[in-house]
>>> print(open('protein_13.cif').read())   # mmCIF, C-alpha atoms
data_upload
loop_
_atom_site.group_PDB
_atom_site.id
_atom_site.type_symbol
_atom_site.label_atom_id
_atom_site.label_comp_id
_atom_site.auth_asym_id
_atom_site.auth_seq_id
_atom_site.Cartn_x
_atom_site.Cartn_y
_atom_site.Cartn_z
ATOM 1 C CA MET A 1 -6.785 -18.518 -14.686
ATOM 2 C CA VAL A 2 -8.123 -16.526 -11.737
ATOM 3 C CA PRO A 3 -11.490 -17.882 -10.509
ATOM 4 C CA PRO A 4 -14.466 -15.517 -10.758
ATOM 5 C CA ARG A 5 -15.984 -13.748 -7.794
ATOM 6 C CA LYS A 6 -18.939 -15.525 -6.234
ATOM 7 C CA THR A 7 -21.625 -14.819 -3.655
ATOM 8 C CA LEU A 8 -23.191 -16.739 -0.803
ATOM 9 C CA ARG A 9 -25.917 -15.897 1.691
ATOM 10 C CA LEU A 10 -25.726 -15.862 5.479
ATOM 11 C CA ASP A 11 -28.542 -15.483 7.995
ATOM 12 C CA LEU A 12 -26.473 -12.909 9.860
ATOM 13 C CA LEU A 13 -27.870 -9.411 10.561
ATOM 14 C CA GLY A 14 -31.230 -10.245 9.022
ATOM 15 C CA GLY A 15 -29.619 -11.659 5.900
ATOM 16 C CA VAL A 16 -26.309 -10.871 4.210
ATOM 17 C CA GLN A 17 -25.014 -11.452 0.706
ATOM 18 C CA VAL A 18 -21.256 -12.038 0.774
ATOM 19 C CA GLY A 19 -19.031 -11.319 -2.198
ATOM 20 C CA TYR A 20 -15.847 -13.354 -2.277
ATOM 21 C CA ARG A 21 -13.247 -15.066 -4.436
ATOM 22 C CA ALA A 22 -11.697 -18.411 -3.484
ATOM 23 C CA SER A 23 -8.650 -19.958 -5.117
ATOM 24 C CA GLY A 24 -10.591 -23.131 -5.856
ATOM 25 C CA ASP A 25 -14.116 -24.542 -5.850
ATOM 26 C CA LYS A 26 -12.955 -26.929 -3.147
ATOM 27 C CA LEU A 27 -10.267 -25.782 -0.759
ATOM 28 C CA ASP A 28 -7.295 -28.054 -0.156
ATOM 29 C CA ARG A 29 -7.478 -29.298 3.436
ATOM 30 C CA SER A 30 -3.716 -29.967 3.451
ATOM 31 C CA LYS A 31 -2.994 -26.224 3.106
ATOM 32 C CA PRO A 32 -3.542 -23.271 5.439
ATOM 33 C CA THR A 33 -6.194 -20.756 4.422
ATOM 34 C CA LEU A 34 -5.410 -17.064 4.069
ATOM 35 C CA VAL A 35 -8.333 -14.613 4.137
ATOM 36 C CA LEU A 36 -7.802 -11.267 2.390
ATOM 37 C CA PHE A 37 -9.758 -8.037 2.958
ATOM 38 C CA ASN A 38 -9.610 -5.216 0.403
ATOM 39 C CA PRO A 39 -9.188 -1.496 1.140
ATOM 40 C CA PHE A 40 -11.844 1.213 1.012
ATOM 41 C CA THR A 41 -14.176 1.255 -2.038
ATOM 42 C CA THR A 42 -12.215 -1.423 -3.865
ATOM 43 C CA THR A 43 -13.278 -5.042 -4.367
ATOM 44 C CA ALA A 44 -11.780 -8.529 -4.178
ATOM 45 C CA ASP A 45 -10.131 -7.650 -7.495
ATOM 46 C CA TYR A 46 -7.601 -5.670 -5.466
ATOM 47 C CA TYR A 47 -5.965 -9.034 -4.727
ATOM 48 C CA LEU A 48 -5.735 -10.262 -8.316
ATOM 49 C CA PRO A 49 -1.904 -10.219 -8.082
ATOM 50 C CA GLU A 50 -2.075 -12.604 -5.126
ATOM 51 C CA PHE A 51 -4.379 -14.958 -7.019
ATOM 52 C CA GLU A 52 -1.852 -14.940 -9.860
ATOM 53 C CA ASN A 53 1.104 -15.758 -7.596
ATOM 54 C CA LYS A 54 1.977 -19.454 -7.943
ATOM 55 C CA ALA A 55 4.050 -19.580 -4.764
ATOM 56 C CA LEU A 56 1.174 -18.255 -2.676
ATOM 57 C CA LEU A 57 -1.350 -20.559 -4.353
ATOM 58 C CA ASP A 58 0.909 -23.559 -3.813
ATOM 59 C CA ALA A 59 1.303 -22.716 -0.134
ATOM 60 C CA ALA A 60 -2.217 -21.688 0.870
ATOM 61 C CA ASN A 61 -5.877 -21.492 -0.010
ATOM 62 C CA LEU A 62 -6.745 -17.848 -0.736
ATOM 63 C CA VAL A 63 -10.160 -16.419 0.093
ATOM 64 C CA ALA A 64 -10.717 -12.714 -0.641
ATOM 65 C CA ILE A 65 -13.834 -11.458 1.166
ATOM 66 C CA GLU A 66 -15.407 -8.107 0.328
ATOM 67 C CA PRO A 67 -16.390 -6.094 3.439
ATOM 68 C CA LEU A 68 -19.954 -4.916 3.805
ATOM 69 C CA GLY A 69 -20.606 -1.997 1.474
ATOM 70 C CA HIS A 70 -17.983 -3.219 -0.970
ATOM 71 C CA GLY A 71 -18.258 -5.244 -4.151
ATOM 72 C CA GLN A 72 -21.063 -7.759 -3.865
ATOM 73 C CA SER A 73 -21.317 -7.790 -0.048
ATOM 74 C CA LYS A 74 -24.513 -6.176 1.170
ATOM 75 C CA LEU A 75 -27.226 -6.309 3.805
ATOM 76 C CA GLU A 76 -30.679 -7.527 2.826
ATOM 77 C CA LYS A 77 -32.302 -5.333 5.478
ATOM 78 C CA GLY A 78 -31.167 -1.975 6.757
ATOM 79 C CA GLU A 79 -28.135 0.010 5.685
ATOM 80 C CA THR A 80 -25.880 0.609 8.678
ATOM 81 C CA PHE A 81 -22.976 -1.670 9.550
ATOM 82 C CA THR A 82 -19.618 -1.709 11.313
ATOM 83 C CA TYR A 83 -16.259 -3.420 10.846
ATOM 84 C CA TRP A 84 -17.276 -5.819 13.611
ATOM 85 C CA ASP A 85 -20.172 -6.866 11.364
ATOM 86 C CA SER A 86 -17.786 -7.505 8.460
ATOM 87 C CA ALA A 87 -15.566 -9.591 10.760
ATOM 88 C CA ALA A 88 -18.541 -11.673 11.910
ATOM 89 C CA MET A 89 -19.634 -12.030 8.286
ATOM 90 C CA ALA A 90 -16.167 -13.297 7.352
ATOM 91 C CA LEU A 91 -16.259 -15.916 10.106
ATOM 92 C CA GLY A 92 -19.652 -17.045 8.837
ATOM 93 C CA THR A 93 -18.245 -17.250 5.324
ATOM 94 C CA LEU A 94 -15.439 -19.508 6.537
ATOM 95 C CA ASP A 95 -18.067 -21.717 8.182
ATOM 96 C CA ARG A 96 -19.873 -22.063 4.868
ATOM 97 C CA LEU A 97 -16.610 -22.852 3.070
ATOM 98 C CA GLY A 98 -15.725 -25.505 5.637
ATOM 99 C CA VAL A 99 -12.706 -23.664 7.037
ATOM 100 C CA GLN A 100 -12.156 -24.085 10.765
ATOM 101 C CA GLU A 101 -8.924 -22.105 11.151
ATOM 102 C CA ALA A 102 -7.347 -19.393 9.030
ATOM 103 C CA PHE A 103 -4.883 -16.558 8.763
ATOM 104 C CA ALA A 104 -6.410 -13.121 8.137
ATOM 105 C CA ALA A 105 -4.768 -10.293 6.197
ATOM 106 C CA GLY A 106 -5.995 -6.909 5.114
ATOM 107 C CA THR A 107 -4.883 -3.657 3.541
ATOM 108 C CA SER A 108 -5.883 -0.424 5.294
ATOM 109 C CA GLN A 109 -9.461 -1.013 6.524
ATOM 110 C CA GLY A 110 -8.877 -4.691 5.796
ATOM 111 C CA GLY A 111 -6.424 -4.773 8.689
ATOM 112 C CA TRP A 112 -9.127 -3.545 11.030
ATOM 113 C CA ILE A 113 -11.342 -6.451 10.002
ATOM 114 C CA ALA A 114 -8.540 -8.997 10.341
ATOM 115 C CA ALA A 115 -7.817 -7.801 13.885
ATOM 116 C CA ARG A 116 -11.505 -7.936 14.794
ATOM 117 C CA MET A 117 -11.688 -11.524 13.540
ATOM 118 C CA ALA A 118 -8.844 -12.428 15.904
ATOM 119 C CA LEU A 119 -10.737 -10.792 18.768
ATOM 120 C CA LEU A 120 -14.081 -12.442 17.957
ATOM 121 C CA ALA A 121 -12.674 -15.929 17.340
ATOM 122 C CA PRO A 122 -9.178 -16.233 18.852
ATOM 123 C CA GLU A 123 -9.334 -20.023 18.643
ATOM 124 C CA ARG A 124 -9.801 -19.872 14.860
ATOM 125 C CA ILE A 125 -7.427 -17.130 13.699
ATOM 126 C CA LYS A 126 -3.860 -18.427 13.600
ATOM 127 C CA GLY A 127 -2.217 -15.151 12.666
ATOM 128 C CA ILE A 128 -3.018 -11.695 11.290
ATOM 129 C CA ILE A 129 -1.219 -9.585 8.677
ATOM 130 C CA LEU A 130 -1.783 -5.826 8.761
ATOM 131 C CA ILE A 131 -0.813 -4.000 5.569
ATOM 132 C CA GLY A 132 -0.695 -0.205 5.536
ATOM 133 C CA SER A 133 -3.109 -0.072 8.439
ATOM 134 C CA SER A 134 -3.749 1.377 11.884
ATOM 135 C CA MET A 135 -5.272 0.021 15.070
ATOM 136 C CA ASP A 136 -6.479 3.443 16.225
ATOM 137 C CA SER A 137 -9.670 5.332 15.545
ATOM 138 C CA GLU A 138 -9.502 8.550 13.518
ATOM 139 C CA SER A 139 -8.028 10.223 16.586
ATOM 140 C CA PRO A 140 -6.071 13.437 17.215
ATOM 141 C CA ARG A 141 -3.256 11.191 18.474
ATOM 142 C CA SER A 142 -2.939 9.428 15.113
ATOM 143 C CA ARG A 143 -2.865 12.754 13.275
ATOM 144 C CA GLU A 144 -0.085 13.959 15.578
ATOM 145 C CA LEU A 145 1.896 10.902 14.460
ATOM 146 C CA GLY A 146 1.531 11.857 10.810
ATOM 147 C CA CYS A 147 -1.604 9.965 9.799
ATOM 148 C CA TRP A 148 -4.253 11.528 7.590
ATOM 149 C CA ASN A 149 -7.423 13.222 8.818
ATOM 150 C CA GLY A 150 -9.902 10.503 7.859
ATOM 151 C CA GLN A 151 -12.915 12.364 9.160
ATOM 152 C CA GLU A 152 -12.059 15.347 6.999
ATOM 153 C CA ALA A 153 -11.304 13.135 3.974
ATOM 154 C CA THR A 154 -14.692 11.396 4.199
ATOM 155 C CA SER A 155 -16.703 14.423 5.344
ATOM 156 C CA GLY A 156 -18.315 15.008 1.946
ATOM 157 C CA LEU A 157 -19.795 11.509 1.838
ATOM 158 C CA VAL A 158 -20.645 11.490 5.551
ATOM 159 C CA THR A 159 -22.488 14.805 5.235
ATOM 160 C CA VAL A 160 -24.807 13.581 2.475
ATOM 161 C CA ALA A 161 -25.318 10.156 4.059
ATOM 162 C CA GLY A 162 -28.305 11.352 6.046
ATOM 163 C CA ASP A 163 -30.028 12.927 3.038
ATOM 164 C CA PHE A 164 -32.463 10.229 1.896
ATOM 165 C CA THR A 165 -33.701 12.155 -1.125
ATOM 166 C CA PRO A 166 -33.381 9.724 -4.069
ATOM 167 C CA ALA A 167 -30.207 10.432 -6.019
ATOM 168 C CA HIS A 168 -30.616 8.281 -9.111
ATOM 169 C CA ASP A 169 -28.012 10.304 -11.017
ATOM 170 C CA PHE A 170 -25.331 9.946 -8.328
ATOM 171 C CA ASP A 171 -21.829 9.267 -9.669
ATOM 172 C CA PRO A 172 -18.704 9.282 -7.476
ATOM 173 C CA GLY A 173 -16.939 10.857 -10.451
ATOM 174 C CA THR A 174 -13.369 11.048 -11.625
ATOM 175 C CA GLY A 175 -12.493 13.397 -8.766
ATOM 176 C CA TYR A 176 -13.110 10.719 -6.155
ATOM 177 C CA ASN A 177 -11.290 8.102 -8.200
ATOM 178 C CA ASP A 178 -8.288 10.392 -8.649
ATOM 179 C CA PHE A 179 -8.234 10.993 -4.891
ATOM 180 C CA LEU A 180 -8.280 7.252 -4.128
ATOM 181 C CA MET A 181 -5.605 6.516 -6.712
ATOM 182 C CA ASP A 182 -3.373 9.275 -5.345
ATOM 183 C CA ILE A 183 -3.540 8.304 -1.667
ATOM 184 C CA GLY A 184 -3.570 4.569 -2.399
ATOM 185 C CA PHE A 185 -1.229 3.857 -5.306
ATOM 186 C CA GLY A 186 0.742 7.081 -5.147
ATOM 187 C CA LYS A 187 2.208 9.236 -7.888
ATOM 188 C CA THR A 188 3.393 6.301 -10.015
ATOM 189 C CA VAL A 189 -0.099 4.901 -10.674
ATOM 190 C CA ASP A 190 -0.616 4.232 -14.376
ATOM 191 C CA GLN A 191 -3.631 5.062 -16.510
ATOM 192 C CA LYS A 192 -4.667 1.436 -16.931
ATOM 193 C CA THR A 193 -4.984 1.021 -13.160
ATOM 194 C CA LYS A 194 -6.869 4.299 -12.835
ATOM 195 C CA ASP A 195 -9.308 3.309 -15.582
ATOM 196 C CA PHE A 196 -9.862 -0.128 -14.028
ATOM 197 C CA TRP A 197 -10.849 1.292 -10.656
ATOM 198 C CA LEU A 198 -12.882 4.126 -12.144
ATOM 199 C CA ALA A 199 -15.046 1.527 -13.898
ATOM 200 C CA SER A 200 -15.246 -0.594 -10.757
ATOM 201 C CA ILE A 201 -16.235 2.314 -8.511
ATOM 202 C CA ARG A 202 -18.888 3.465 -10.958
ATOM 203 C CA GLU A 203 -20.287 -0.049 -11.200
ATOM 204 C CA ASN A 204 -20.536 -0.372 -7.415
ATOM 205 C CA TYR A 205 -21.483 3.133 -6.347
ATOM 206 C CA SER A 206 -23.579 4.817 -9.039
ATOM 207 C CA GLY A 207 -27.245 5.701 -8.639
ATOM 208 C CA ASP A 208 -29.225 6.004 -5.428
ATOM 209 C CA THR A 209 -28.325 2.540 -4.126
ATOM 210 C CA GLY A 210 -24.665 3.147 -4.864
ATOM 211 C CA LYS A 211 -24.776 6.506 -3.132
ATOM 212 C CA ARG A 212 -26.218 4.956 0.029
ATOM 213 C CA ARG A 213 -23.576 2.199 0.006
ATOM 214 C CA ILE A 214 -20.541 4.460 -0.424
ATOM 215 C CA CYS A 215 -21.868 6.925 2.136
ATOM 216 C CA GLN A 216 -22.387 4.179 4.702
ATOM 217 C CA ALA A 217 -18.901 2.830 3.983
ATOM 218 C CA ALA A 218 -17.564 6.329 4.695
ATOM 219 C CA VAL A 219 -19.592 6.610 7.914
ATOM 220 C CA THR A 220 -18.229 3.236 9.011
ATOM 221 C CA LEU A 221 -14.641 4.347 8.391
ATOM 222 C CA ALA A 222 -14.962 7.774 10.009
ATOM 223 C CA SER A 223 -16.798 6.583 13.135
ATOM 224 C CA ARG A 224 -14.986 3.287 13.831
ATOM 225 C CA ASP A 225 -13.754 2.462 17.311
ATOM 226 C CA GLY A 226 -10.062 2.156 18.095
ATOM 227 C CA LEU A 227 -8.590 -1.176 19.145
ATOM 228 C CA HIS A 228 -5.577 -0.174 21.226
ATOM 229 C CA GLU A 229 -7.082 -1.299 24.533
ATOM 230 C CA ARG A 230 -8.151 -4.605 22.979
ATOM 231 C CA LEU A 231 -4.830 -5.528 21.338
ATOM 232 C CA PRO A 232 -3.533 -7.437 24.409
ATOM 233 C CA TYR A 233 -6.402 -9.867 23.786
ATOM 234 C CA ILE A 234 -4.924 -10.853 20.424
ATOM 235 C CA ARG A 235 -2.815 -13.905 21.188
ATOM 236 C CA CYS A 236 -1.859 -15.041 17.694
ATOM 237 C CA PRO A 237 1.266 -13.989 15.746
ATOM 238 C CA VAL A 238 1.076 -10.541 14.134
ATOM 239 C CA LEU A 239 2.889 -9.309 11.031
ATOM 240 C CA TRP A 240 2.610 -5.586 10.236
ATOM 241 C CA LEU A 241 3.824 -4.403 6.826
ATOM 242 C CA GLN A 242 4.115 -0.617 6.609
ATOM 243 C CA GLY A 243 5.522 1.713 3.991
ATOM 244 C CA THR A 244 7.372 4.905 4.826
ATOM 245 C CA GLY A 245 5.686 6.638 1.885
ATOM 246 C CA ASP A 246 2.160 5.861 3.136
ATOM 247 C CA VAL A 247 0.256 9.173 3.212
ATOM 248 C CA VAL A 248 -2.693 7.672 5.109
ATOM 249 C CA PHE A 249 -1.086 5.836 8.025
ATOM 250 C CA SER A 250 2.434 6.686 9.114
ATOM 251 C CA PHE A 251 5.281 4.359 9.987
ATOM 252 C CA GLU A 252 5.570 6.153 13.347
ATOM 253 C CA ASN A 253 1.984 5.181 14.143
ATOM 254 C CA ALA A 254 2.778 1.544 13.357
ATOM 255 C CA GLN A 255 5.928 1.668 15.506
ATOM 256 C CA GLN A 256 3.870 2.642 18.534
ATOM 257 C CA ALA A 257 0.930 0.321 17.931
ATOM 258 C CA ILE A 258 2.946 -2.858 17.319
ATOM 259 C CA LYS A 259 4.108 -2.642 20.956
ATOM 260 C CA LEU A 260 0.512 -3.026 22.155
ATOM 261 C CA PHE A 261 0.253 -6.670 21.053
ATOM 262 C CA THR A 262 1.678 -7.645 24.446
ATOM 263 C CA ASN A 263 0.318 -11.198 24.488
ATOM 264 C CA SER A 264 1.087 -12.157 20.915
ATOM 265 C CA PRO A 265 3.840 -14.805 20.662
ATOM 266 C CA GLU A 266 5.393 -12.634 17.961
ATOM 267 C CA ALA A 267 4.442 -9.149 16.791
ATOM 268 C CA ARG A 268 6.785 -7.958 14.044
ATOM 269 C CA LEU A 269 6.803 -4.689 12.100
ATOM 270 C CA VAL A 270 8.471 -4.682 8.680
ATOM 271 C CA LYS A 271 9.517 -1.359 7.174
ATOM 272 C CA PHE A 272 9.122 -0.819 3.428
ATOM 273 C CA SER A 273 11.153 2.185 2.318
ATOM 274 C CA ASP A 274 9.016 4.531 0.191
ATOM 275 C CA GLY A 275 6.160 2.025 0.236
ATOM 276 C CA VAL A 276 2.766 3.575 -0.540
ATOM 277 C CA HIS A 277 -0.571 2.991 1.177
ATOM 278 C CA PHE A 278 -1.574 0.219 -1.244
ATOM 279 C CA LEU A 279 1.752 -1.371 -0.470
ATOM 280 C CA SER A 280 1.738 -4.160 -3.031
ATOM 281 C CA TRP A 281 1.821 -1.532 -5.802
ATOM 282 C CA THR A 282 5.407 -0.522 -4.990
ATOM 283 C CA HIS A 283 6.643 -3.645 -3.167
ATOM 284 C CA LYS A 284 4.706 -6.607 -4.532
ATOM 285 C CA GLU A 285 7.535 -9.160 -4.498
ATOM 286 C CA LYS A 286 8.763 -8.308 -1.003
ATOM 287 C CA LEU A 287 5.214 -8.205 0.363
ATOM 288 C CA HIS A 288 4.420 -11.631 -1.087
ATOM 289 C CA GLU A 289 7.645 -13.010 0.343
ATOM 290 C CA GLU A 290 6.839 -11.704 3.827
ATOM 291 C CA VAL A 291 3.287 -13.065 3.710
ATOM 292 C CA LEU A 292 4.445 -16.456 2.477
ATOM 293 C CA ASN A 293 7.162 -16.764 5.127
ATOM 294 C CA PHE A 294 4.755 -15.696 7.875
ATOM 295 C CA VAL A 295 2.156 -18.306 6.967
ATOM 296 C CA LYS A 296 4.794 -21.021 6.690
ATOM 297 C CA LYS A 297 6.470 -20.084 9.967
ATOM 298 C CA ALA A 298 3.215 -19.925 11.910
ATOM 299 C CA GLY A 299 2.482 -23.512 10.954
ATOM 300 C CA GLY A 300 -0.683 -23.112 8.972
ATOM 301 C CA PHE A 301 -3.062 -25.800 10.100
ATOM 302 C CA ALA A 302 -6.147 -24.162 8.617
ATOM 303 C CA LYS A 303 -8.400 -27.006 7.581
ATOM 304 C CA ALA A 304 -10.938 -26.933 4.779
ATOM 305 C CA SER A 305 -13.518 -29.665 4.278
ATOM 306 C CA LEU A 306 -13.678 -31.348 0.911
#
>>> encode(input="protein_13.cif", output="structure tokens")
Amino acid sequence: MVPPRKTLRLDLLGGVQVGYRASGDKLDRSKPTLVLFNPFTTTADYYLPEFENKALLDAANLVAIEPLGHGQSKLEKGETFTYWDSAAMALGTLDRLGVQEAFAAGTSQGGWIAARMALLAPERIKGIILIGSSMDSESPRSRELGCWNGQEATSGLVTVAGDFTPAHDFDPGTGYNDFLMDIGFGKTVDQKTKDFWLASIRENYSGDTGKRRICQAAVTLASRDGLHERLPYIRCPVLWLQGTGDVVFSFENAQQAIKLFTNSPEARLVKFSDGVHFLSWTHKEKLHEEVLNFVKKAGGFAKASL
């Protein structure tokens, strides 16, 4: 049975509530710990298949952490945040869980947070796994390589972000959900999956508070800084899993960016033919195999206190 999502509080940024799911109440100090970050406007439930995978659970402690503005993660004061803030929040969460070292993995925006963790705490992050991601900002260069126009895609939410008129009847609607399902899961997404995320998005982003959260998440995505110049400072192993059918971030973009991890002992790009943006939807078994082999190969001495 998959454990429920939980929350904890950190004194970071004036007070933060962190939403997360751990594979056990007490993490096994004999296993490495793998941190997972979900993609845009989803929750830790995105990684339910990983929490149901016996091989992964036998090999590692899993901790899915919801970025700020997602699920149950939220600021107590203020509204604005960055992916650097989510990375710092994740490190604080590991402190609270008694984890000194960990691997960090993330899908799409989750990859940006994983990389930032490795930059903020290189002595603690033993390896990063980037899944359907990019290390660039929403730049003209990335669009020339076949990536989406993220600023255009989020412009509707970014435009209304600065309108503080209470919007108690705000609802992201089926149109937004259909858009996310299409770019994330692709054309083969089934109705059950669409209904699940429609309910989740409405639960998290309805009403005035929900409107402010989803708008700030969009602002954070559209205005994020690129990491290309910082990638030589990542000295841990890097595994990049990228689908050729990803309509958000192209395989060509990944081919160029993987070369920038010049001081990583190993930076490897794995090509998934016809893989979609939410890569585990079309290639779950192969993705799990790659993640498992990466954690095992890198040694995995992530310790958790009992």
>>> closest_residue(input="protein_13.cif", among="A:Tyr83, A:Phe261, A:Phe40, A:Trp240", to="Trp197 (chain A)", atoms="only C-alpha atoms")
A:Phe40
>>> resolve_selection(input="protein_13.cif", expression="the PyMOL selection byres ((chain A and resi 245) around 6)", output="PDB file with C-alpha atoms, in the frame of the given file")
ATOM      1  CA  GLY A 243       5.522   1.713   3.991  1.00  0.00           C
ATOM      2  CA  THR A 244       7.372   4.905   4.826  1.00  0.00           C
ATOM      3  CA  ASP A 246       2.160   5.861   3.136  1.00  0.00           C
ATOM      4  CA  ASP A 274       9.016   4.531   0.191  1.00  0.00           C
ATOM      5  CA  GLY A 275       6.160   2.025   0.236  1.00  0.00           C
ATOM      6  CA  VAL A 276       2.766   3.575  -0.540  1.00  0.00           C
TER       7      VAL A 276
END
>>> atom_distance(input="protein_13.cif", atom1="CA of Cys215 (chain A)", atom2="CA of Arg116 (chain A)")
22.1 Å
>>> residues_near_point(input="protein_13.cif", point="(-7.4, -13.3, -8.1)", cutoff="10 Å", atoms="only C-alpha atoms", output="ChimeraX atom specification")
/A:1-5,21-23,44-53,62-64
>>> closest_residue(input="protein_13.cif", among="A:Thr282, A:Thr165, A:Ser200, A:Ser137", to="Asn253 (chain A)", atoms="all atoms listed in the file")
A:Ser137
>>> atom_distance(input="protein_13.cif", atom1="CA of Gly210 (chain A)", atom2="CA of Val16 (chain A)")
16.8 Å
>>> residues_near_point(input="protein_13.cif", point="(-20.9, -10.1, 3.7)", cutoff="9 Å", atoms="only C-alpha atoms", output="PyMOL selection string")
chain A and resi 7-10+12+16-20+65-70+72-75+85-90+92-93
>>> resolve_selection(input="protein_13.cif", expression="the PyMOL selection byres ((chain A and resi 167-181) around 6)", output="ChimeraX atom specification")
/A:166,182-185,198,206-208
>>> resolve_selection(input="protein_13.cif", expression="the PyMOL selection byres ((chain A and resi 151) around 9)", output="ChimeraX atom specification")
/A:138,148-150,152-155,158,218-219,221-223
>>> atom_distance(input="protein_13.cif", atom1="CA of Ala199 (chain A)", atom2="CA of Leu57 (chain A)")
27.7 Å
>>> closest_residue(input="protein_13.cif", among="A:Ala115, A:Arg213, A:Arg224, A:Phe164", to="Cys236 (chain A)", atoms="all atoms listed in the file")
A:Ala115
>>> closest_residue(input="protein_13.cif", among="A:Phe294, A:Lys284, A:Lys271, A:Lys187", to="Val247 (chain A)", atoms="only C-alpha atoms")
A:Lys187
>>> axis_aligned_box(input="protein_13.cif", around="region 47-56 of chain A", padding_each_side="6 Å", output="lines of an AutoDock Vina configuration file")
center_x = -1.0
center_y = -14.3
center_z = -6.3
size_x = 22.0
size_y = 22.5
size_z = 19.2
>>> closest_residue(input="protein_13.cif", among="A:Pro237, A:Pro232, A:Phe196, A:Val248", to="Ala104 (chain A)", atoms="only C-alpha atoms")
A:Pro237
>>> residues_around(input="protein_13.cif", residues="Pro122 (chain A)", least_positions_apart="6", cutoff="9 Å", atoms="all atoms listed in the file", output="JSON, numbers by chain")
{"A": [233, 234, 235, 236]}
